[in-house]
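**Student:** Sending over a structure as structure tokens; questions will come in a sec.
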Amino acid sequence: MQVIGLCRFSYPAIGGFQVEHDSIEDRIAFLYAEARLEERFQLLETIALPCLREQTDQDFELIVVIGDSLPTRHADRLRDLCADISQITIHVEPPRKQREVMKEILNAARRDPKAPCLQFRHDDDDAISVDFVERLRETITDCPGLVAKHRTLAVDFNRGYIAELGAKGIAATEIHRPYYVAALGMYVKGNCPLTIMNYAHHKILRFMPTVTISDEPMFVRSHNGYNDSRQKKVKPIPVTPIDAALEAEFEIRFALRQSQVRAVFGNGNQP
């Protein structure tokens, strides 16, 4: 079964952000600000890409969507970082309505629209477990009755970590949180045009059956200077520096390496 992931890398969509801007020009200026983009690249390099390289099931695709106004030097840097991950395709789009364009991209990526597929979203500042694709497939295989009766089915791995990354390394805390973007997948029946981008991730349970699995940590969600969902007043989540045991778990489960985080963020003069 085809597995398709979608990642937006600072794509200046019309809508789709909790932080409002008066014009698309203002949004582009915010997204492409040097300090913001530098942090996005640091997070992409250290947390979002390593877990994809080390997936135990390599039979998946990830479409990274960028704007056609992304400066060439940044687009080239993105391509260089992704060059060794054959599953990644970089897709360039002008500013368009968020859900409209993302649904179109996902449906165009289906090799055979008559066949079922699996879909997931992947934020550029989060990690999924290295066995996420494998376990997503296994879970759908375990649910033949639901698959037979419904056009769509969501799979939510709701256990993971909140983490902050910087020159000093990783600080984190474990959480159980339903229907995050990270480690949330969806089955789509053949001949069904619905996509995972038809739904706000935290509302997906209103529209289809969902299967929740909580046995192991399956995501790392980073809190950083530019989380869209945290630009407004939100309750802070305390984190503590990871110990040796958790450092080893992060490397094994998420390919998230303390030494790489310190090196990349240290070079960028981040705190």
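Convention: chains lettered A, B, ... in structure tokens order; per-chain residue numbering from 1; ligands numbered from 1 as shown.
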Give me the residues within 9 Å of stretch 214-218 of chain A as number ranges by chain, counting only C-alpha atoms and dropping any in the same chain fewer than 6 places off.

**Tutor:** A: 127-132, 156-161, 174-176, 182-183, 253-254

**Student:** Got time to write the residues from that selection, N, CA and C atoms, as a PDB file, in the first residue's frame?

**Tutor:**
```pdb
ATOM      1  N   ALA A 127       9.763  14.945  15.170  1.00  0.00           N
ATOM      2  CA  ALA A 127      10.265  13.624  14.783  1.00  0.00           C
ATOM      3  C   ALA A 127       9.163  12.595  14.980  1.00  0.00           C
ATOM      4  N   ILE A 128       9.195  11.574  14.138  1.00  0.00           N
ATOM      5  CA  ILE A 128       8.384  10.377  14.348  1.00  0.00           C
ATOM      6  C   ILE A 128       9.331   9.222  14.672  1.00  0.00           C
ATOM      7  N   SER A 129       8.816   8.211  15.325  1.00  0.00           N
ATOM      8  CA  SER A 129       9.637   7.041  15.612  1.00  0.00           C
ATOM      9  C   SER A 129      10.117   6.405  14.316  1.00  0.00           C
ATOM     10  N   VAL A 130      11.287   5.793  14.380  1.00  0.00           N
ATOM     11  CA  VAL A 130      11.853   5.189  13.167  1.00  0.00           C
ATOM     12  C   VAL A 130      11.026   4.006  12.675  1.00  0.00           C
ATOM     13  N   ASP A 131      10.099   3.503  13.475  1.00  0.00           N
ATOM     14  CA  ASP A 131       9.222   2.427  13.006  1.00  0.00           C
ATOM     15  C   ASP A 131       7.797   2.911  12.757  1.00  0.00           C
ATOM     16  N   PHE A 132       7.617   4.216  12.579  1.00  0.00           N
ATOM     17  CA  PHE A 132       6.271   4.757  12.383  1.00  0.00           C
ATOM     18  C   PHE A 132       5.605   4.188  11.133  1.00  0.00           C
ATOM     19  N   ASP A 156      -3.804   6.945  15.536  1.00  0.00           N
ATOM     20  CA  ASP A 156      -3.169   7.955  16.385  1.00  0.00           C
ATOM     21  C   ASP A 156      -2.254   7.294  17.404  1.00  0.00           C
ATOM     22  N   PHE A 157      -0.953   7.497  17.237  1.00  0.00           N
ATOM     23  CA  PHE A 157       0.016   7.091  18.257  1.00  0.00           C
ATOM     24  C   PHE A 157       0.187   8.295  19.184  1.00  0.00           C
ATOM     25  N   ASN A 158      -0.398   8.219  20.374  1.00  0.00           N
ATOM     26  CA  ASN A 158      -0.576   9.436  21.169  1.00  0.00           C
ATOM     27  C   ASN A 158       0.421   9.611  22.308  1.00  0.00           C
ATOM     28  N   ARG A 159       1.479   8.824  22.289  1.00  0.00           N
ATOM     29  CA  ARG A 159       2.477   8.935  23.359  1.00  0.00           C
ATOM     30  C   ARG A 159       3.791   9.417  22.753  1.00  0.00           C
ATOM     31  N   GLY A 160       4.408  10.395  23.403  1.00  0.00           N
ATOM     32  CA  GLY A 160       5.654  10.933  22.872  1.00  0.00           C
ATOM     33  C   GLY A 160       6.302  11.901  23.833  1.00  0.00           C
ATOM     34  N   TYR A 161       7.026  12.858  23.283  1.00  0.00           N
ATOM     35  CA  TYR A 161       7.770  13.824  24.087  1.00  0.00           C
ATOM     36  C   TYR A 161       7.588  15.231  23.542  1.00  0.00           C
ATOM     37  N   GLU A 174       7.977  13.640  28.859  1.00  0.00           N
ATOM     38  CA  GLU A 174       7.070  12.716  28.173  1.00  0.00           C
ATOM     39  C   GLU A 174       5.635  13.186  28.332  1.00  0.00           C
ATOM     40  N   ILE A 175       4.818  12.970  27.293  1.00  0.00           N
ATOM     41  CA  ILE A 175       3.411  13.362  27.326  1.00  0.00           C
ATOM     42  C   ILE A 175       2.554  12.283  26.665  1.00  0.00           C
ATOM     43  N   HIS A 176       1.271  12.272  27.011  1.00  0.00           N
ATOM     44  CA  HIS A 176       0.238  11.578  26.254  1.00  0.00           C
ATOM     45  C   HIS A 176      -0.675  12.665  25.705  1.00  0.00           C
ATOM     46  N   ALA A 182       2.177  15.012  14.618  1.00  0.00           N
ATOM     47  CA  ALA A 182       3.217  13.982  14.612  1.00  0.00           C
ATOM     48  C   ALA A 182       2.636  12.633  15.008  1.00  0.00           C
ATOM     49  N   ALA A 183       2.978  11.591  14.244  1.00  0.00           N
ATOM     50  CA  ALA A 183       2.574  10.209  14.507  1.00  0.00           C
ATOM     51  C   ALA A 183       1.066  10.001  14.393  1.00  0.00           C
ATOM     52  N   ARG A 253      15.067   5.414  19.071  1.00  0.00           N
ATOM     53  CA  ARG A 253      13.671   5.488  18.632  1.00  0.00           C
ATOM     54  C   ARG A 253      13.423   6.577  17.597  1.00  0.00           C
ATOM     55  N   PHE A 254      14.200   7.668  17.653  1.00  0.00           N
ATOM     56  CA  PHE A 254      13.906   8.815  16.795  1.00  0.00           C
ATOM     57  C   PHE A 254      15.092   9.277  15.945  1.00  0.00           C
TER      58      PHE A 254
END
```

**Student:** Using only C-alpha atoms, which residues sit within 10 Å of A:Val261 once same-chain residues fewer than 3 positions away are excluded, as a VMD selection string?

**Tutor:** chain A and resid 42 to 43 45 to 47 165 to 170 256 to 258 264 to 267

**Student:** Write the residues you've just listed into a file as a PDB file, in the first residue's frame, and include N, CA, C and O atoms for each of them.

**Tutor:**
```pdb
ATOM      1  N   GLN A  42      17.831  24.355  11.242  1.00  0.00           N
ATOM      2  CA  GLN A  42      18.471  23.608  12.321  1.00  0.00           C
ATOM      3  C   GLN A  42      17.561  22.486  12.816  1.00  0.00           C
ATOM      4  O   GLN A  42      18.020  21.359  13.067  1.00  0.00           O
ATOM      5  N   LEU A  43      16.278  22.784  12.963  1.00  0.00           N
ATOM      6  CA  LEU A  43      15.327  21.769  13.419  1.00  0.00           C
ATOM      7  C   LEU A  43      15.122  20.691  12.360  1.00  0.00           C
ATOM      8  O   LEU A  43      15.053  19.498  12.670  1.00  0.00           O
ATOM      9  N   GLU A  45      17.261  19.691  10.125  1.00  0.00           N
ATOM     10  CA  GLU A  45      18.466  18.868  10.043  1.00  0.00           C
ATOM     11  C   GLU A  45      18.606  17.912  11.212  1.00  0.00           C
ATOM     12  O   GLU A  45      19.029  16.760  11.037  1.00  0.00           O
ATOM     13  N   THR A  46      18.226  18.361  12.409  1.00  0.00           N
ATOM     14  CA  THR A  46      18.497  17.561  13.605  1.00  0.00           C
ATOM     15  C   THR A  46      17.341  16.677  14.043  1.00  0.00           C
ATOM     16  O   THR A  46      17.557  15.626  14.640  1.00  0.00           O
ATOM     17  N   ILE A  47      16.099  17.084  13.760  1.00  0.00           N
ATOM     18  CA  ILE A  47      14.967  16.331  14.304  1.00  0.00           C
ATOM     19  C   ILE A  47      14.051  15.752  13.231  1.00  0.00           C
ATOM     20  O   ILE A  47      13.604  14.608  13.347  1.00  0.00           O
ATOM     21  N   LEU A 165      15.336  22.152  21.841  1.00  0.00           N
ATOM     22  CA  LEU A 165      16.672  21.873  21.326  1.00  0.00           C
ATOM     23  C   LEU A 165      17.483  23.158  21.274  1.00  0.00           C
ATOM     24  O   LEU A 165      16.961  24.221  20.933  1.00  0.00           O
ATOM     25  N   GLY A 166      18.764  23.047  21.613  1.00  0.00           N
ATOM     26  CA  GLY A 166      19.635  24.212  21.569  1.00  0.00           C
ATOM     27  C   GLY A 166      21.090  23.807  21.675  1.00  0.00           C
ATOM     28  O   GLY A 166      21.431  22.613  21.655  1.00  0.00           O
ATOM     29  N   ALA A 167      21.959  24.796  21.792  1.00  0.00           N
ATOM     30  CA  ALA A 167      23.399  24.539  21.842  1.00  0.00           C
ATOM     31  C   ALA A 167      23.791  23.678  23.042  1.00  0.00           C
ATOM     32  O   ALA A 167      24.817  22.994  23.011  1.00  0.00           O
ATOM     33  N   LYS A 168      22.983  23.703  24.105  1.00  0.00           N
ATOM     34  CA  LYS A 168      23.277  22.886  25.282  1.00  0.00           C
ATOM     35  C   LYS A 168      22.750  21.457  25.133  1.00  0.00           C
ATOM     36  O   LYS A 168      23.010  20.616  25.997  1.00  0.00           O
ATOM     37  N   GLY A 169      21.990  21.192  24.078  1.00  0.00           N
ATOM     38  CA  GLY A 169      21.464  19.852  23.853  1.00  0.00           C
ATOM     39  C   GLY A 169      19.960  19.814  23.905  1.00  0.00           C
ATOM     40  O   GLY A 169      19.282  20.765  23.509  1.00  0.00           O
ATOM     41  N   ILE A 170      19.429  18.707  24.405  1.00  0.00           N
ATOM     42  CA  ILE A 170      17.993  18.442  24.389  1.00  0.00           C
ATOM     43  C   ILE A 170      17.439  18.435  25.807  1.00  0.00           C
ATOM     44  O   ILE A 170      18.003  17.811  26.707  1.00  0.00           O
ATOM     45  N   LEU A 256      17.422  10.873  16.932  1.00  0.00           N
ATOM     46  CA  LEU A 256      17.647  12.234  17.419  1.00  0.00           C
ATOM     47  C   LEU A 256      18.859  12.208  18.338  1.00  0.00           C
ATOM     48  O   LEU A 256      18.818  11.617  19.426  1.00  0.00           O
ATOM     49  N   ARG A 257      19.947  12.823  17.882  1.00  0.00           N
ATOM     50  CA  ARG A 257      21.242  12.676  18.548  1.00  0.00           C
ATOM     51  C   ARG A 257      21.667  13.963  19.243  1.00  0.00           C
ATOM     52  O   ARG A 257      21.759  15.027  18.616  1.00  0.00           O
ATOM     53  N   GLN A 258      21.942  13.831  20.524  1.00  0.00           N
ATOM     54  CA  GLN A 258      22.344  14.989  21.323  1.00  0.00           C
ATOM     55  C   GLN A 258      23.585  15.665  20.748  1.00  0.00           C
ATOM     56  O   GLN A 258      23.672  16.896  20.684  1.00  0.00           O
ATOM     57  N   VAL A 264      24.945  21.500  15.651  1.00  0.00           N
ATOM     58  CA  VAL A 264      24.197  22.325  14.699  1.00  0.00           C
ATOM     59  C   VAL A 264      23.728  23.619  15.338  1.00  0.00           C
ATOM     60  O   VAL A 264      23.887  24.706  14.765  1.00  0.00           O
ATOM     61  N   PHE A 265      23.166  23.536  16.527  1.00  0.00           N
ATOM     62  CA  PHE A 265      22.674  24.749  17.179  1.00  0.00           C
ATOM     63  C   PHE A 265      23.817  25.588  17.722  1.00  0.00           C
ATOM     64  O   PHE A 265      23.715  26.817  17.759  1.00  0.00           O
ATOM     65  N   GLY A 266      24.916  24.944  18.100  1.00  0.00           N
ATOM     66  CA  GLY A 266      26.079  25.715  18.547  1.00  0.00           C
ATOM     67  C   GLY A 266      26.676  26.538  17.432  1.00  0.00           C
ATOM     68  O   GLY A 266      27.045  27.705  17.613  1.00  0.00           O
ATOM     69  N   ASN A 267      26.713  25.957  16.228  1.00  0.00           N
ATOM     70  CA  ASN A 267      27.225  26.708  15.072  1.00  0.00           C
ATOM     71  C   ASN A 267      26.341  27.880  14.726  1.00  0.00           C
ATOM     72  O   ASN A 267      26.792  28.885  14.178  1.00  0.00           O
TER      73      ASN A 267
END
```

**Student:** I'd like the neighbourhood of stretch 51-64 of chain A as a PyMOL selection string, where a residue qualifies if any of its atoms comes within 7 Å (using only C-alpha atoms), though same-chain residues fewer than 6 positions away should be ignored.

**Tutor:** chain A and resi 2-9+85+87-91+127-131+133-134+254-255

**Student:** Among stretch 78-239 of chain A, which ones does DSSP place in strand (DSSP E), written as an MDAnalysis selection string?

**Tutor:** chainID A and resid 88:93 117:121 126:128 152:157 159:166 169:176 184:188 210:213 219:222

**Student:** Kindly export the residues of the current selection with C-alpha atoms, as a PDB file, in the first residue's frame.

**Tutor:**
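Generated output (result_24.pdb):
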```pdb
ATOM      1  CA  ILE A  88      11.673  13.075  -0.577  1.00  0.00           C
ATOM      2  CA  THR A  89      10.277  15.156  -3.428  1.00  0.00           C
ATOM      3  CA  ILE A  90      10.377  18.949  -3.169  1.00  0.00           C
ATOM      4  CA  HIS A  91       7.256  20.549  -4.621  1.00  0.00           C
ATOM      5  CA  VAL A  92       7.150  24.274  -5.444  1.00  0.00           C
ATOM      6  CA  GLU A  93       3.884  26.224  -5.306  1.00  0.00           C
ATOM      7  CA  CYS A 117      -3.252   4.452   0.435  1.00  0.00           C
ATOM      8  CA  LEU A 118      -1.914   5.638   3.769  1.00  0.00           C
ATOM      9  CA  GLN A 119      -1.143   9.291   4.484  1.00  0.00           C
ATOM     10  CA  PHE A 120       0.588  11.274   7.195  1.00  0.00           C
ATOM     11  CA  ARG A 121       1.714  14.820   7.896  1.00  0.00           C
ATOM     12  CA  ASP A 126       9.078  17.233  14.821  1.00  0.00           C
ATOM     13  CA  ALA A 127      10.265  13.624  14.783  1.00  0.00           C
ATOM     14  CA  ILE A 128       8.384  10.377  14.348  1.00  0.00           C
ATOM     15  CA  THR A 152     -11.200   6.585   5.955  1.00  0.00           C
ATOM     16  CA  LEU A 153      -9.643   5.504   9.232  1.00  0.00           C
ATOM     17  CA  ALA A 154      -7.228   7.448  11.436  1.00  0.00           C
ATOM     18  CA  VAL A 155      -4.403   5.893  13.448  1.00  0.00           C
ATOM     19  CA  ASP A 156      -3.169   7.955  16.385  1.00  0.00           C
ATOM     20  CA  PHE A 157       0.016   7.091  18.257  1.00  0.00           C
ATOM     21  CA  ARG A 159       2.477   8.935  23.359  1.00  0.00           C
ATOM     22  CA  GLY A 160       5.654  10.933  22.872  1.00  0.00           C
ATOM     23  CA  TYR A 161       7.770  13.824  24.087  1.00  0.00           C
ATOM     24  CA  ILE A 162       7.850  17.591  24.114  1.00  0.00           C
ATOM     25  CA  ALA A 163      11.435  18.746  23.568  1.00  0.00           C
ATOM     26  CA  GLU A 164      13.457  21.927  23.337  1.00  0.00           C
ATOM     27  CA  LEU A 165      16.672  21.873  21.326  1.00  0.00           C
ATOM     28  CA  GLY A 166      19.635  24.212  21.569  1.00  0.00           C
ATOM     29  CA  GLY A 169      21.464  19.852  23.853  1.00  0.00           C
ATOM     30  CA  ILE A 170      17.993  18.442  24.389  1.00  0.00           C
ATOM     31  CA  ALA A 171      15.542  19.042  27.230  1.00  0.00           C
ATOM     32  CA  ALA A 172      12.319  17.054  27.211  1.00  0.00           C
ATOM     33  CA  THR A 173       9.318  15.664  29.036  1.00  0.00           C
ATOM     34  CA  GLU A 174       7.070  12.716  28.173  1.00  0.00           C
ATOM     35  CA  ILE A 175       3.411  13.362  27.326  1.00  0.00           C
ATOM     36  CA  HIS A 176       0.238  11.578  26.254  1.00  0.00           C
ATOM     37  CA  LEU A 184      -0.976  10.598  13.211  1.00  0.00           C
ATOM     38  CA  GLY A 185      -1.779   8.605  10.085  1.00  0.00           C
ATOM     39  CA  MET A 186      -4.827   7.965   7.938  1.00  0.00           C
ATOM     40  CA  TYR A 187      -6.077   5.176   5.700  1.00  0.00           C
ATOM     41  CA  VAL A 188      -7.900   6.295   2.527  1.00  0.00           C
ATOM     42  CA  THR A 210      -9.860   6.301  14.965  1.00  0.00           C
ATOM     43  CA  VAL A 211      -7.522   3.718  16.460  1.00  0.00           C
ATOM     44  CA  THR A 212      -5.394   4.930  19.382  1.00  0.00           C
ATOM     45  CA  ILE A 213      -2.145   3.198  20.332  1.00  0.00           C
ATOM     46  CA  PHE A 219       6.855  11.252  18.380  1.00  0.00           C
ATOM     47  CA  VAL A 220       8.972  14.166  19.544  1.00  0.00           C
ATOM     48  CA  ARG A 221       7.298  17.536  19.205  1.00  0.00           C
ATOM     49  CA  SER A 222       9.707  20.425  19.510  1.00  0.00           C
TER      50      SER A 222
END
```

**Student:** Which polymer residues have any atom within 8 Å of an atom of A:Leu78, counting only C-alpha atoms, with same-chain residues fewer than 4 positions away left out, as a ChimeraX atom specification?

**Tutor:** /A:41,74,82

**Student:** Figure out the distance between atom CA of A:Tyr180 and atom CA of A:Arg135, please, to one decimal in Å.

**Tutor:**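 According to the coordinates, atom CA of A:Arg135 and atom CA of A:Tyr180 are separated by 16.8 Å.
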